[in-house]
Each structure stands twice: as C-alpha cells, then as structure tokens.
$ cat final_13.tsv   # TSV, C-alpha atoms (C1' of nucleotides)
chain	number	residue	atom	x	y	z
A	1	MET	CA	-15.65	-7.42	4.29
A	2	ARG	CA	-12.42	-6.10	5.62
A	3	GLN	CA	-13.18	-2.51	4.73
A	4	ASP	CA	-10.82	-1.61	7.56
A	5	GLY	CA	-7.98	-3.46	5.94
A	6	ARG	CA	-7.41	-5.50	9.05
A	7	GLU	CA	-5.88	-8.92	8.56
A	8	GLN	CA	-5.14	-11.71	10.92
A	9	ASP	CA	-1.67	-11.88	12.36
A	10	GLY	CA	-1.63	-15.56	11.54
A	11	ASP	CA	-1.27	-14.89	7.84
A	12	ASP	CA	-0.85	-17.93	5.63
A	13	CYS	CA	2.11	-16.33	3.84
A	14	ALA	CA	3.21	-19.62	2.31
A	15	GLY	CA	3.26	-18.32	-1.23
A	16	GLY	CA	6.77	-18.86	-2.45
A	17	GLY	CA	8.82	-21.71	-1.12
A	18	ARG	CA	12.11	-19.81	-0.81
A	19	ASP	CA	12.84	-18.47	2.65
A	20	GLY	CA	12.50	-14.75	3.13
A	21	ASP	CA	9.77	-14.61	0.53
A	22	CYS	CA	7.17	-14.60	3.25
A	23	THR	CA	9.01	-11.87	5.13
A	24	LEU	CA	9.16	-9.87	1.96
A	25	ARG	CA	5.43	-10.23	1.51
A	26	GLU	CA	4.86	-8.84	4.97
A	27	ALA	CA	6.88	-5.76	4.12
A	28	LEU	CA	5.20	-5.27	0.77
A	29	ASP	CA	1.76	-5.66	2.30
A	30	ARG	CA	2.57	-2.77	4.58
A	31	VAL	CA	4.02	-0.50	1.98
A	32	GLY	CA	2.62	-1.71	-1.32
A	33	GLY	CA	-0.74	0.06	-1.14
A	34	LYS	CA	-1.46	3.09	-3.25
A	35	TRP	CA	-0.98	5.69	-0.53
A	36	ALA	CA	1.17	4.33	2.30
A	37	ILE	CA	4.47	5.49	0.84
A	38	GLY	CA	3.29	9.00	0.10
A	39	ILE	CA	1.99	9.36	3.63
A	40	LEU	CA	5.12	7.98	5.25
A	41	LEU	CA	7.34	10.24	3.18
A	42	ALA	CA	5.21	13.24	4.08
A	43	ALA	CA	5.43	12.35	7.77
A	44	SER	CA	9.17	11.66	7.76
A	45	PRO	CA	10.53	15.20	8.12
A	46	GLY	CA	8.34	15.81	11.15
A	47	PRO	CA	4.81	15.54	12.51
A	48	VAL	CA	2.01	16.37	10.08
A	49	ARG	CA	-1.64	17.11	10.57
A	50	PHE	CA	-4.50	15.43	8.76
A	51	SER	CA	-5.26	18.46	6.62
A	52	GLU	CA	-1.63	18.89	5.67
A	53	LEU	CA	-1.63	15.32	4.43
A	54	THR	CA	-4.69	15.86	2.27
A	55	ARG	CA	-2.72	18.61	0.58
A	56	GLN	CA	0.73	17.03	0.45
A	57	VAL	CA	-0.38	13.59	-0.70
A	58	GLU	CA	-1.92	14.73	-3.93
A	59	GLY	CA	-5.07	13.06	-5.11
A	60	ILE	CA	-5.88	11.21	-1.92
A	61	SER	CA	-9.44	11.25	-0.60
A	62	ARG	CA	-10.24	11.79	3.08
A	63	ARG	CA	-11.52	8.24	3.19
A	64	MET	CA	-8.34	6.61	1.91
A	65	LEU	CA	-6.21	8.92	4.01
A	66	THR	CA	-8.07	7.85	7.13
A	67	LEU	CA	-7.93	4.14	6.28
A	68	THR	CA	-4.25	4.20	5.41
A	69	LEU	CA	-3.39	6.22	8.50
A	70	ARG	CA	-5.20	3.71	10.69
A	71	ASN	CA	-3.35	0.80	9.13
A	72	LEU	CA	0.02	2.50	9.48
A	73	GLU	CA	-0.80	3.34	13.07
A	74	ARG	CA	-1.86	-0.22	13.73
A	75	ASP	CA	1.43	-1.57	12.38
A	76	GLY	CA	3.36	0.82	14.59
A	77	LEU	CA	4.66	2.96	11.73
A	78	LEU	CA	2.87	6.12	12.81
A	79	HIS	CA	1.99	7.64	16.13
A	80	ARG	CA	-1.28	9.51	16.37
A	81	LEU	CA	-1.38	12.38	18.83
A	82	VAL	CA	-4.63	14.20	19.57
A	83	HIS	CA	-4.38	17.74	20.90
A	84	PRO	CA	-7.70	18.33	22.64
A	85	GLY	CA	-9.59	21.54	21.95
A	86	VAL	CA	-11.66	23.19	19.29
A	87	PRO	CA	-11.03	22.94	16.44
A	88	PRO	CA	-9.62	19.41	16.70
A	89	ARG	CA	-5.94	19.02	16.01
A	90	VAL	CA	-4.31	15.65	15.33
A	91	GLU	CA	-0.67	15.04	14.58
A	92	TYR	CA	0.86	12.02	12.90
A	93	ARG	CA	4.49	11.26	13.53
A	94	ALA	CA	6.63	8.60	11.85
A	95	THR	CA	8.11	6.13	14.32
A	96	PRO	CA	11.82	5.19	14.28
A	97	MET	CA	10.84	1.90	12.68
A	98	ALA	CA	9.16	3.80	9.86
A	99	LEU	CA	12.19	6.02	9.40
A	100	GLU	CA	14.32	2.93	8.94
A	101	LEU	CA	12.17	2.11	5.94
A	102	TYR	CA	13.73	5.01	4.13
A	103	GLU	CA	16.92	3.14	3.31
A	104	PRO	CA	15.35	0.02	1.71
A	105	LEU	CA	12.94	2.21	-0.20
A	106	ARG	CA	15.79	4.33	-1.49
A	107	ALA	CA	17.41	1.15	-2.78
A	108	LEU	CA	14.23	0.29	-4.65
A	109	THR	CA	13.95	3.80	-6.03
A	110	ALA	CA	17.53	3.67	-7.24
A	111	TRP	CA	16.80	0.43	-9.05
A	112	ALA	CA	13.71	1.86	-10.72
A	113	ASP	CA	15.69	4.94	-11.67
A	114	ARG	CA	18.52	2.97	-13.23
A	115	HIS	CA	16.17	0.89	-15.34
A	116	ARG	CA	13.35	3.27	-16.10
A	117	THR	CA	14.13	3.67	-19.78
A	118	ALA	CA	14.97	0.00	-20.24
A	119	ILE	CA	11.60	-0.95	-18.81
A	120	SER	CA	9.81	1.64	-20.86
A	121	GLU	CA	11.45	0.33	-24.03
A	122	ALA	CA	10.75	-3.27	-23.10
A	123	ARG	CA	7.09	-2.39	-22.78
A	124	ALA	CA	6.99	-0.54	-26.04
A	125	ALA	CA	8.67	-3.46	-27.80
A	126	TYR	CA	6.31	-5.98	-26.22
A	127	ASP	CA	3.26	-3.93	-27.13
A	128	ARG	CA	4.49	-3.53	-30.68
A	129	GLN	CA	5.03	-7.27	-31.01
A	130	ASN	CA	1.59	-8.08	-29.61
A	131	GLY	CA	-1.42	-5.83	-30.00
A	132	ARG	CA	-1.84	-2.94	-27.57
A	133	GLY	CA	-5.65	-2.78	-27.94
B	134	MET	CA	-11.29	-4.01	-17.44
B	135	ARG	CA	-7.58	-4.39	-17.60
B	136	GLN	CA	-7.70	-8.11	-17.08
B	137	ASP	CA	-4.33	-8.26	-18.80
B	138	GLY	CA	-2.83	-5.90	-16.29
B	139	ARG	CA	-1.64	-3.60	-19.02
B	140	GLU	CA	-1.31	0.06	-18.11
B	141	GLN	CA	-0.46	3.05	-20.17
B	142	ASP	CA	3.13	4.18	-20.12
B	143	GLY	CA	1.95	7.70	-19.53
B	144	ASP	CA	0.96	6.95	-15.97
B	145	ASP	CA	-0.31	9.86	-13.92
B	146	CYS	CA	1.97	8.93	-11.04
B	147	ALA	CA	1.54	12.29	-9.32
B	148	GLY	CA	0.50	10.84	-6.00
B	149	GLY	CA	3.00	12.16	-3.50
B	150	GLY	CA	4.59	15.51	-4.07
B	151	ARG	CA	8.08	14.51	-2.94
B	152	ASP	CA	10.41	13.52	-5.78
B	153	GLY	CA	11.21	9.84	-6.11
B	154	ASP	CA	7.78	8.91	-4.83
B	155	CYS	CA	6.61	8.40	-8.38
B	156	THR	CA	9.67	6.32	-9.20
B	157	LEU	CA	9.01	4.25	-6.11
B	158	ARG	CA	5.45	3.66	-7.26
B	159	GLU	CA	6.71	2.35	-10.56
B	160	ALA	CA	8.90	-0.17	-8.79
B	161	LEU	CA	6.18	-1.22	-6.39
B	162	ASP	CA	3.68	-1.63	-9.20
B	163	ARG	CA	6.06	-4.09	-10.81
B	164	VAL	CA	6.85	-6.07	-7.72
B	165	GLY	CA	4.00	-5.41	-5.31
B	166	GLY	CA	1.55	-7.95	-6.72
B	167	LYS	CA	0.85	-11.17	-4.91
B	168	TRP	CA	3.00	-13.42	-7.09
B	169	ALA	CA	5.70	-11.42	-8.91
B	170	ILE	CA	8.31	-11.80	-6.19
B	171	GLY	CA	7.83	-15.51	-5.80
B	172	ILE	CA	8.17	-16.01	-9.53
B	173	LEU	CA	11.25	-13.84	-9.84
B	174	LEU	CA	12.93	-15.61	-6.94
B	175	ALA	CA	12.13	-18.97	-8.45
B	176	ALA	CA	13.59	-17.86	-11.78
B	177	SER	CA	16.73	-16.28	-10.33
B	178	PRO	CA	18.92	-19.38	-9.94
B	179	GLY	CA	18.34	-20.35	-13.55
B	180	PRO	CA	15.69	-20.87	-16.21
B	181	VAL	CA	12.45	-22.47	-15.07
B	182	ARG	CA	9.59	-24.05	-16.92
B	183	PHE	CA	5.94	-23.21	-16.49
B	184	SER	CA	5.14	-26.43	-14.70
B	185	GLU	CA	8.08	-26.02	-12.34
B	186	LEU	CA	6.72	-22.63	-11.39
B	187	THR	CA	3.28	-24.01	-10.61
B	188	ARG	CA	5.02	-26.28	-8.14
B	189	GLN	CA	7.63	-23.92	-6.72
B	190	VAL	CA	5.36	-20.93	-6.28
B	191	GLU	CA	2.98	-22.57	-3.89
B	192	GLY	CA	-0.68	-21.75	-4.14
B	193	ILE	CA	-0.56	-19.99	-7.50
B	194	SER	CA	-3.18	-20.80	-10.10
B	195	ARG	CA	-2.34	-21.32	-13.76
B	196	ARG	CA	-4.27	-18.18	-14.54
B	197	MET	CA	-2.31	-15.92	-12.21
B	198	LEU	CA	0.95	-17.54	-13.17
B	199	THR	CA	0.28	-16.79	-16.82
B	200	LEU	CA	-0.81	-13.21	-16.18
B	201	THR	CA	2.12	-12.41	-13.92
B	202	LEU	CA	4.61	-14.02	-16.30
B	203	ARG	CA	3.25	-11.91	-19.16
B	204	ASN	CA	3.58	-8.72	-17.15
B	205	LEU	CA	7.10	-9.54	-16.04
B	206	GLU	CA	8.00	-10.36	-19.60
B	207	ARG	CA	6.47	-7.14	-20.82
B	208	ASP	CA	8.50	-5.13	-18.34
B	209	GLY	CA	11.69	-6.85	-19.44
B	210	LEU	CA	12.21	-8.75	-16.20
B	211	LEU	CA	11.83	-12.19	-17.74
B	212	HIS	CA	12.74	-13.70	-21.06
B	213	ARG	CA	10.40	-16.28	-22.49
B	214	LEU	CA	12.00	-18.98	-24.62
B	215	VAL	CA	9.87	-21.48	-26.51
B	216	HIS	CA	11.48	-24.78	-27.45
B	217	PRO	CA	9.38	-26.07	-30.35
B	218	GLY	CA	8.17	-29.65	-30.27
B	219	VAL	CA	5.68	-31.88	-28.60
B	220	PRO	CA	5.03	-31.66	-25.76
B	221	PRO	CA	5.55	-27.88	-25.60
B	222	ARG	CA	8.43	-26.64	-23.52
B	223	VAL	CA	8.78	-23.04	-22.41
B	224	GLU	CA	11.56	-21.60	-20.31
B	225	TYR	CA	11.52	-18.39	-18.34
B	226	ARG	CA	14.79	-16.73	-17.49
B	227	ALA	CA	15.37	-13.73	-15.24
B	228	THR	CA	17.06	-10.83	-17.03
B	229	PRO	CA	20.09	-9.03	-15.55
B	230	MET	CA	17.77	-6.16	-14.64
B	231	ALA	CA	15.63	-8.55	-12.65
B	232	LEU	CA	18.66	-9.98	-10.88
B	233	GLU	CA	19.60	-6.49	-9.77
B	234	LEU	CA	16.28	-6.37	-7.95
B	235	TYR	CA	17.64	-8.91	-5.52
B	236	GLU	CA	19.65	-6.34	-3.57
B	237	PRO	CA	16.84	-3.81	-2.89
B	238	LEU	CA	14.50	-6.63	-2.01
B	239	ARG	CA	17.01	-8.03	0.42
B	240	ALA	CA	17.13	-4.63	2.11
B	241	LEU	CA	13.36	-4.68	2.47
B	242	THR	CA	13.43	-8.21	3.82
B	243	ALA	CA	16.06	-7.25	6.35
B	244	TRP	CA	13.86	-4.41	7.54
B	245	ALA	CA	10.84	-6.65	7.90
B	246	ASP	CA	12.96	-9.18	9.72
B	247	ARG	CA	14.34	-6.66	12.20
B	248	HIS	CA	10.89	-5.34	13.05
B	249	ARG	CA	8.70	-8.38	12.72
B	250	THR	CA	7.97	-8.79	16.41
B	251	ALA	CA	7.64	-5.05	16.99
B	252	ILE	CA	5.01	-4.88	14.26
B	253	SER	CA	3.24	-7.93	15.56
B	254	GLU	CA	3.09	-6.44	19.04
B	255	ALA	CA	1.96	-3.07	17.73
B	256	ARG	CA	-0.92	-4.80	16.00
B	257	ALA	CA	-1.88	-6.79	19.05
B	258	ALA	CA	-1.81	-3.64	21.18
B	259	TYR	CA	-3.87	-1.70	18.66
B	260	ASP	CA	-6.43	-4.47	18.38
B	261	ARG	CA	-6.66	-4.73	22.14
B	262	GLN	CA	-7.25	-1.01	22.47
B	263	ASN	CA	-9.90	-0.96	19.78
B	264	GLY	CA	-12.16	-3.90	19.04
B	265	ARG	CA	-10.88	-6.62	16.75
B	266	GLY	CA	-14.35	-7.60	15.48
C	267	DC	C1'	2.74	-29.19	-21.26
C	268	DA	C1'	1.56	-24.53	-21.41
C	269	DG	C1'	-1.52	-22.01	-21.78
C	270	DC	C1'	-6.49	-19.17	-22.80
C	271	DA	C1'	-11.49	-18.16	-21.73
C	272	DT	C1'	-15.08	-17.69	-18.53
C	273	DC	C1'	-17.36	-16.98	-14.31
C	274	DC	C1'	-17.44	-15.09	-9.89
C	275	DC	C1'	-16.19	-13.16	-5.51
C	276	DA	C1'	-13.27	-10.20	-2.55
C	277	DT	C1'	-10.92	-6.20	-1.94
C	278	DC	C1'	-9.34	-1.51	-3.35
C	279	DC	C1'	-10.42	2.84	-4.09
C	280	DG	C1'	-13.07	7.19	-5.39
C	281	DA	C1'	-17.25	10.28	-4.73
C	282	DT	C1'	-20.21	12.14	-1.85
C	283	DA	C1'	-22.90	13.34	2.19
C	284	DC	C1'	-22.97	13.80	7.08
C	285	DT	C1'	-20.95	14.79	12.11
C	286	DG	C1'	-18.63	15.99	16.84
D	287	DC	C1'	-10.66	20.31	11.59
D	288	DA	C1'	-10.74	15.55	11.49
D	289	DG	C1'	-13.01	12.44	10.71
D	290	DT	C1'	-17.44	8.52	9.72
D	291	DA	C1'	-21.03	6.26	6.62
D	292	DT	C1'	-22.63	4.64	2.42
D	293	DC	C1'	-22.60	3.58	-2.30
D	294	DG	C1'	-20.68	1.87	-6.62
D	295	DG	C1'	-17.17	1.09	-10.02
D	296	DA	C1'	-12.50	-0.88	-11.01
D	297	DT	C1'	-9.24	-4.29	-10.12
D	298	DG	C1'	-7.09	-8.55	-8.17
D	299	DG	C1'	-7.33	-13.05	-7.86
D	300	DG	C1'	-9.37	-18.10	-7.40
D	301	DA	C1'	-11.77	-22.19	-9.76
D	302	DT	C1'	-12.53	-24.59	-13.55
D	303	DG	C1'	-13.04	-26.22	-18.27
D	304	DC	C1'	-11.13	-26.25	-22.92
D	305	DT	C1'	-7.23	-26.52	-26.46
D	306	DG	C1'	-2.92	-26.82	-29.64

$ encode --input "final_13.tsv" --output "structure tokens"
Amino acid sequence: MRQDGREQDGDDCAGGGRDGDCTLREALDRVGGKWAIGILLAASPGPVRFSELTRQVEGISRRMLTLTLRNLERDGLLHRLVHPGVPPRVEYRATPMALELYEPLRALTAWADRHRTAISEARAAYDRQNGRG
Amino acid sequence: MRQDGREQDGDDCAGGGRDGDCTLREALDRVGGKWAIGILLAASPGPVRFSELTRQVEGISRRMLTLTLRNLERDGLLHRLVHPGVPPRVEYRATPMALELYEPLRALTAWADRHRTAISEARAAYDRQNGRG
DNA sequence: CAGCATCCCATCCGATACTG
DNA sequence: CAGTATCGGATGGGATGCTG
C-alpha cells in the first residue's frame, strides 16, 4: 500500500521508447508531486525547521509535509539534522544536488510564463467548442 | 470526479509562498502525468496517428492515450486533425509552444542524468538505515 | 481505425486525533 | 516541537467491451 511513497529502484520506466524519456520520468517522479517543489524552494536559501515549513508551504498538512520530507531525504535532496534537547528541533537543508535543480526548474517556469496566456486562451477556446459541464 | 482531467482555470495555486512556484505548478500539471511527455516526444518529429502512438508510447492503454491527448489538445500543446473517410484517420501534431518545451525538459533530463547514481545510492543508504519492508 | 463507456483498484492527499 | 496513526474521499490509471 505504499503509503510511504517508497518505490523499487528497479523501476520499469519503459514508458516511451525515445531515449531520455525514462530519465525524464525519474526526475518528474521526484519533483512532480504536489508539495516537493514548494518544500525544496523553501529550503534552498538555508536550513529550515519543520514548523517553518508548515507556515511557508501554504496549505500543506503535517502528514504530507512529513511524507514528502522523508521522500526528499531518501532521494538525497534534503539532509535532516536533529538537534537533541527539549523541545525537539529538526533542521532540513537542501543538498547541492537539490540546489542544482533550481536551473532546470527555472527553465520550466520561464516556459510556463511565456505561454501562460496562450494556454489559458487555448483552454477557453476548447471549452467553448465542447461543453464545459 | 474529474475523469476528464478538466480543471478550472481559476486554480487556487497558492501552495508555496515564493513567486514562480505557482507558475511551476502549472507547468508540472501539464507535463507531470504518466504519459504526457512520451506523447509529446513521439509527436515532436512530425504528425502521428493514434495507432502509431499506441505503439510508440509503450504500455499506454487506449483510454489513457485518449484522455492525455484531449488534455494536451485542450492546453494548446497538440493540434488534432481529422482526415474524413473510412477508415478514420486522425493526426496529432505538436504545436510550436509544445516544441519549446523540449529545451526545459532537456535541462531536467540532464540533471537527472548527472545525479542518477547519487540518487540511487542515497536511496540504498536510506533503505539500509531504515527498514525497506 | 479511433475512439467512448464502464468497472475497478491503487495511490494521493486532507482531516483529525494522539505521542515522545 | 516534530512528528505518528488512522480514516475516508478524490484522483490516476489499467482492463475490457462496444461503436461509427
């Protein structure tokens, strides 16, 4: 039931034919979830604590924050550092590998930015053509 | 119930705080699904027919192919051209906007490629530390 | 050939209550 | 503070049968 989001390393990842498609899937699986990006961006400037993340990543539940953090940690995108004591204090820090994600993601953002209105209009046109209910 | 994958244009898209996060979400929502990339890559070199796609995008079902094609068409990433006659003949062609996606996706692929083994090892280490069952 | 309709399961994700 | 445990709804996606 994979509630922990853990997958086998021996992924099938055959789904495309063209080379690099599989590699792309790997990247998207890491970053495509609802919260991963928000967390990584929040952790990029410097280490953040759990409670900071619940505030900075708006709308996230403690459950999804925990699950996503664990996955990012597992993939080596975040380091988790526990400062012993009471109250507990845990810091998450983006790894260099995670910081390198910034560039590719900026490229994607730029694309979305360039075409935002075109996409919006395409949708409107499509929905007008067909029914939207 | 959204079986057609249609979402409102007025997305909440608040989930991050940092600017550009929302824009990034929009892009990922378009391209993050299991099949969108494979289809777009297959359609990039030139127009493809439905049946070609069922072969080139390995593992896809007719259902998911249809759904994903409709979504890509709705977002203006594919043009659908029906040649009347019997048997039916439908061509899908990537739009210029879709072709521009190639660059950002290549950046992501390059990232995944650079760090593939690092990620794999991070996972193995994590799973060794904690239990993998 | 190019779909659509239906059924069903797996996973994602949110809400909530509890804990060291 | 930083989680874990449990439940339940929403969504993604596969299998299959039917149709113009």

$ residues_around --input "final_13.tsv" --residues "Gly218 (chain B)" --least-positions-apart "4" --cutoff "12 Å" --atoms "only C-alpha atoms (C1' of nucleotides)" --output "list of chain:residue names"
B:Arg222, B:Val223, C:DC267, D:DG306

$ interface_residues --input "final_13.tsv" --of "chain C" --to "chain A" --cutoff "8 Å" --atoms "only C-alpha atoms (C1' of nucleotides)" --output "PDB file with C-alpha atoms (C1' of nucleotides), in the coordinates of the input"
ATOM      1  C1'  DA C 276     -13.270 -10.200  -2.550  1.00  0.00           C
ATOM      2  C1'  DT C 277     -10.920  -6.200  -1.940  1.00  0.00           C
ATOM      3  C1'  DC C 279     -10.420   2.840  -4.090  1.00  0.00           C
ATOM      4  C1'  DG C 280     -13.070   7.190  -5.390  1.00  0.00           C
TER       5       DG C 280
END

$ residues_near_point --input "final_13.tsv" --point "(-15.9, -15.9, -17.6)" --cutoff "12 Å" --atoms "all atoms listed in the file" --output "PDB file with C-alpha atoms (C1' of nucleotides), in the frame of the given file"
ATOM      1  CA  GLN B 136      -7.700  -8.110 -17.080  1.00  0.00           C
TER       2      GLN B 136
ATOM      3  C1'  DC C 270      -6.490 -19.170 -22.800  1.00  0.00           C
ATOM      4  C1'  DA C 271     -11.490 -18.160 -21.730  1.00  0.00           C
ATOM      5  C1'  DT C 272     -15.080 -17.690 -18.530  1.00  0.00           C
ATOM      6  C1'  DC C 273     -17.360 -16.980 -14.310  1.00  0.00           C
ATOM      7  C1'  DC C 274     -17.440 -15.090  -9.890  1.00  0.00           C
TER       8       DC C 274
ATOM      9  C1'  DA D 301     -11.770 -22.190  -9.760  1.00  0.00           C
ATOM     10  C1'  DT D 302     -12.530 -24.590 -13.550  1.00  0.00           C
ATOM     11  C1'  DG D 303     -13.040 -26.220 -18.270  1.00  0.00           C
TER      12       DG D 303
END

$ residues_around --input "final_13.tsv" --residues "region 50-54 of chain A" --least-positions-apart "5" --cutoff "12 Å" --atoms "all atoms listed in the file" --output "short mmCIF file (atom, residue, chain, number, x, y, z; two decimals) with C-alpha atoms (C1' of nucleotides), in the coordinates of the input"
data_model
loop_
_atom_site.label_atom_id
_atom_site.label_comp_id
_atom_site.auth_asym_id
_atom_site.auth_seq_id
_atom_site.Cartn_x
_atom_site.Cartn_y
_atom_site.Cartn_z
CA TRP A 35 -0.98 5.69 -0.53
CA ALA A 36 1.17 4.33 2.30
CA GLY A 38 3.29 9.00 0.10
CA ILE A 39 1.99 9.36 3.63
CA LEU A 40 5.12 7.98 5.25
CA LEU A 41 7.34 10.24 3.18
CA ALA A 42 5.21 13.24 4.08
CA ALA A 43 5.43 12.35 7.77
CA SER A 44 9.17 11.66 7.76
CA GLY A 59 -5.07 13.06 -5.11
CA ILE A 60 -5.88 11.21 -1.92
CA SER A 61 -9.44 11.25 -0.60
CA ARG A 62 -10.24 11.79 3.08
CA ARG A 63 -11.52 8.24 3.19
CA MET A 64 -8.34 6.61 1.91
CA LEU A 65 -6.21 8.92 4.01
CA THR A 66 -8.07 7.85 7.13
CA THR A 68 -4.25 4.20 5.41
CA LEU A 69 -3.39 6.22 8.50
CA ARG A 70 -5.20 3.71 10.69
CA ARG A 80 -1.28 9.51 16.37
CA LEU A 81 -1.38 12.38 18.83
CA VAL A 82 -4.63 14.20 19.57
CA PRO A 88 -9.62 19.41 16.70
CA ARG A 89 -5.94 19.02 16.01
CA VAL A 90 -4.31 15.65 15.33
CA GLU A 91 -0.67 15.04 14.58
CA TYR A 92 0.86 12.02 12.90
CA ARG A 93 4.49 11.26 13.53
CA GLY B 148 0.50 10.84 -6.00
CA GLY B 149 3.00 12.16 -3.50
CA GLY B 150 4.59 15.51 -4.07
"C1'" DC D 287 -10.66 20.31 11.59
"C1'" DA D 288 -10.74 15.55 11.49
"C1'" DG D 289 -13.01 12.44 10.71
#

$ interface_residues --input "final_13.tsv" --of "chain B" --to "chain A" --cutoff "6 Å" --atoms "only C-alpha atoms" --output "PDB file with C-alpha atoms, in the frame of the given file"
ATOM      1  CA  GLY B 148       0.500  10.840  -6.000  1.00  0.00           C
ATOM      2  CA  GLY B 149       3.000  12.160  -3.500  1.00  0.00           C
ATOM      3  CA  THR B 156       9.670   6.320  -9.200  1.00  0.00           C
ATOM      4  CA  LEU B 157       9.010   4.250  -6.110  1.00  0.00           C
ATOM      5  CA  ALA B 160       8.900  -0.170  -8.790  1.00  0.00           C
ATOM      6  CA  GLY B 165       4.000  -5.410  -5.310  1.00  0.00           C
ATOM      7  CA  GLY B 171       7.830 -15.510  -5.800  1.00  0.00           C
ATOM      8  CA  VAL B 190       5.360 -20.930  -6.280  1.00  0.00           C
ATOM      9  CA  GLU B 191       2.980 -22.570  -3.890  1.00  0.00           C
ATOM     10  CA  GLY B 192      -0.680 -21.750  -4.140  1.00  0.00           C
ATOM     11  CA  ARG B 207       6.470  -7.140 -20.820  1.00  0.00           C
ATOM     12  CA  ASP B 208       8.500  -5.130 -18.340  1.00  0.00           C
ATOM     13  CA  GLY B 209      11.690  -6.850 -19.440  1.00  0.00           C
ATOM     14  CA  PRO B 237      16.840  -3.810  -2.890  1.00  0.00           C
ATOM     15  CA  ALA B 240      17.130  -4.630   2.110  1.00  0.00           C
ATOM     16  CA  LEU B 241      13.360  -4.680   2.470  1.00  0.00           C
ATOM     17  CA  THR B 242      13.430  -8.210   3.820  1.00  0.00           C
ATOM     18  CA  ALA B 245      10.840  -6.650   7.900  1.00  0.00           C
ATOM     19  CA  ILE B 252       5.010  -4.880  14.260  1.00  0.00           C
ATOM     20  CA  ALA B 255       1.960  -3.070  17.730  1.00  0.00           C
ATOM     21  CA  ARG B 256      -0.920  -4.800  16.000  1.00  0.00           C
ATOM     22  CA  TYR B 259      -3.870  -1.700  18.660  1.00  0.00           C
TER      23      TYR B 259
END

$ closest_atom_pairs --input "final_13.tsv" --of "chain D" --to "chain B" --cutoff "9 Å" --atoms "all atoms listed in the file" --output "Markdown table"
| residue | atom | partner | partner_atom | distance |
| --- | --- | --- | --- | --- |
| D:DA296 | C1' | B:Met134 | CA | 7.3 |
| D:DT297 | C1' | B:Met134 | CA | 7.6 |
| D:DG298 | C1' | B:Gly166 | CA | 8.8 |
| D:DG299 | C1' | B:Met197 | CA | 7.2 |
| D:DG300 | C1' | B:Ser194 | CA | 7.3 |
| D:DA301 | C1' | B:Ser194 | CA | 8.7 |

$ closest_residue --input "final_13.tsv" --among "B:Pro229, B:Leu200, B:Gln262, B:Arg182" --to "DA268 (chain C)" --atoms "all atoms listed in the file"
B:Arg182

$ atom_distance --input "final_13.tsv" --atom1 "CA of Pro47 (chain A)" --atom2 "CA of Pro87 (chain A)"
17.9 Å

$ atom_distance --input "final_13.tsv" --atom1 "CA of Val86 (chain A)" --atom2 "C1' of DG286 (chain C)"
10.3 Å

$ atom_distance --input "final_13.tsv" --atom1 "CA of Pro217 (chain B)" --atom2 "CA of Pro178 (chain B)"
23.5 Å

$ residues_near_point --input "final_13.tsv" --point "(-19.2, 2.9, -1.1)" --cutoff "9 Å" --atoms "only C-alpha atoms (C1' of nucleotides)" --output "ChimeraX atom specification"
/C:280-281 /D:291-294

$ decode --input "final_13.tsv" --residues "region 289-300 of chain D" --atoms "N, CA, C and O atoms (P, O5', C5', C4', C3', O3' and C1' of nucleotides)" --output "compact mmCIF listing (two decimals), in the first residue's frame"
# COMPACT_ATOMS: atom_id res chain seq x y z
P DG D 289 10.38 15.75 12.19
O5' DG D 289 8.85 15.70 11.66
C5' DG D 289 8.29 14.43 11.46
C4' DG D 289 7.84 13.81 12.78
C3' DG D 289 6.96 12.60 12.62
O3' DG D 289 7.75 11.45 12.49
C1' DG D 289 6.20 14.03 14.39
P DT D 290 7.17 10.27 11.62
O5' DT D 290 6.03 9.60 12.51
C5' DT D 290 6.35 8.95 13.74
C4' DT D 290 5.08 8.33 14.31
C3' DT D 290 4.39 7.36 13.34
O3' DT D 290 4.02 6.21 14.08
C1' DT D 290 2.88 9.05 14.01
P DA D 291 3.32 4.97 13.32
O5' DA D 291 1.76 5.24 13.50
C5' DA D 291 1.24 5.64 14.77
C4' DA D 291 -0.28 5.42 14.76
C3' DA D 291 -0.77 4.42 13.72
O3' DA D 291 -1.87 3.71 14.27
C1' DA D 291 -1.68 6.57 13.25
P DT D 292 -2.56 2.50 13.45
O5' DT D 292 -3.87 3.18 12.88
C5' DT D 292 -4.66 3.97 13.78
C4' DT D 292 -5.80 4.64 13.03
C3' DT D 292 -6.38 3.82 11.87
O3' DT D 292 -7.79 3.73 12.07
C1' DT D 292 -5.97 6.04 11.20
P DC D 293 -8.68 2.73 11.17
O5' DC D 293 -9.53 3.76 10.32
C5' DC D 293 -10.29 4.77 11.02
C4' DC D 293 -10.68 5.87 10.05
C3' DC D 293 -11.41 5.39 8.80
O3' DC D 293 -12.74 5.86 8.83
C1' DC D 293 -9.72 7.02 8.31
P DG D 294 -13.82 5.39 7.76
O5' DG D 294 -13.67 6.49 6.63
C5' DG D 294 -13.82 7.87 6.94
C4' DG D 294 -13.64 8.68 5.68
C3' DG D 294 -14.30 8.04 4.45
O3' DG D 294 -14.88 9.05 3.64
C1' DG D 294 -12.01 8.37 4.04
P DG D 295 -15.88 8.64 2.48
O5' DG D 295 -15.73 9.88 1.50
C5' DG D 295 -15.41 11.18 2.00
C4' DG D 295 -14.43 11.87 1.06
C3' DG D 295 -14.84 11.78 -0.41
O3' DG D 295 -14.62 13.06 -1.01
C1' DG D 295 -12.65 10.94 -0.14
P DA D 296 -15.18 13.29 -2.50
O5' DA D 296 -13.81 13.42 -3.33
C5' DA D 296 -12.85 14.41 -2.94
C4' DA D 296 -11.62 14.26 -3.82
C3' DA D 296 -11.93 14.22 -5.32
O3' DA D 296 -11.04 15.13 -5.96
C1' DA D 296 -10.62 12.34 -4.68
P DT D 297 -11.15 15.37 -7.54
O5' DT D 297 -9.98 14.47 -8.12
C5' DT D 297 -8.67 14.55 -7.53
C4' DT D 297 -7.79 13.46 -8.08
C3' DT D 297 -7.88 13.27 -9.60
O3' DT D 297 -6.59 13.53 -10.13
C1' DT D 297 -7.88 11.19 -8.45
P DG D 298 -6.27 13.21 -11.68
O5' DG D 298 -5.55 11.79 -11.58
C5' DG D 298 -4.41 11.64 -10.73
C4' DG D 298 -3.72 10.34 -11.07
C3' DG D 298 -3.54 10.10 -12.56
O3' DG D 298 -2.30 9.44 -12.75
C1' DG D 298 -4.92 8.40 -11.62
P DG D 299 -1.73 9.17 -14.17
O5' DG D 299 -2.17 7.68 -14.45
C5' DG D 299 -1.76 6.66 -13.56
C4' DG D 299 -2.54 5.38 -13.86
C3' DG D 299 -2.60 4.99 -15.34
O3' DG D 299 -2.03 3.72 -15.47
C1' DG D 299 -4.69 4.76 -14.28
P DG D 300 -1.73 3.10 -16.87
O5' DG D 300 -2.45 1.68 -16.76
C5' DG D 300 -2.12 0.81 -15.69
C4' DG D 300 -3.11 -0.36 -15.65
C3' DG D 300 -3.30 -1.04 -17.01
O3' DG D 300 -3.28 -2.46 -16.84
C1' DG D 300 -5.39 -0.33 -16.16
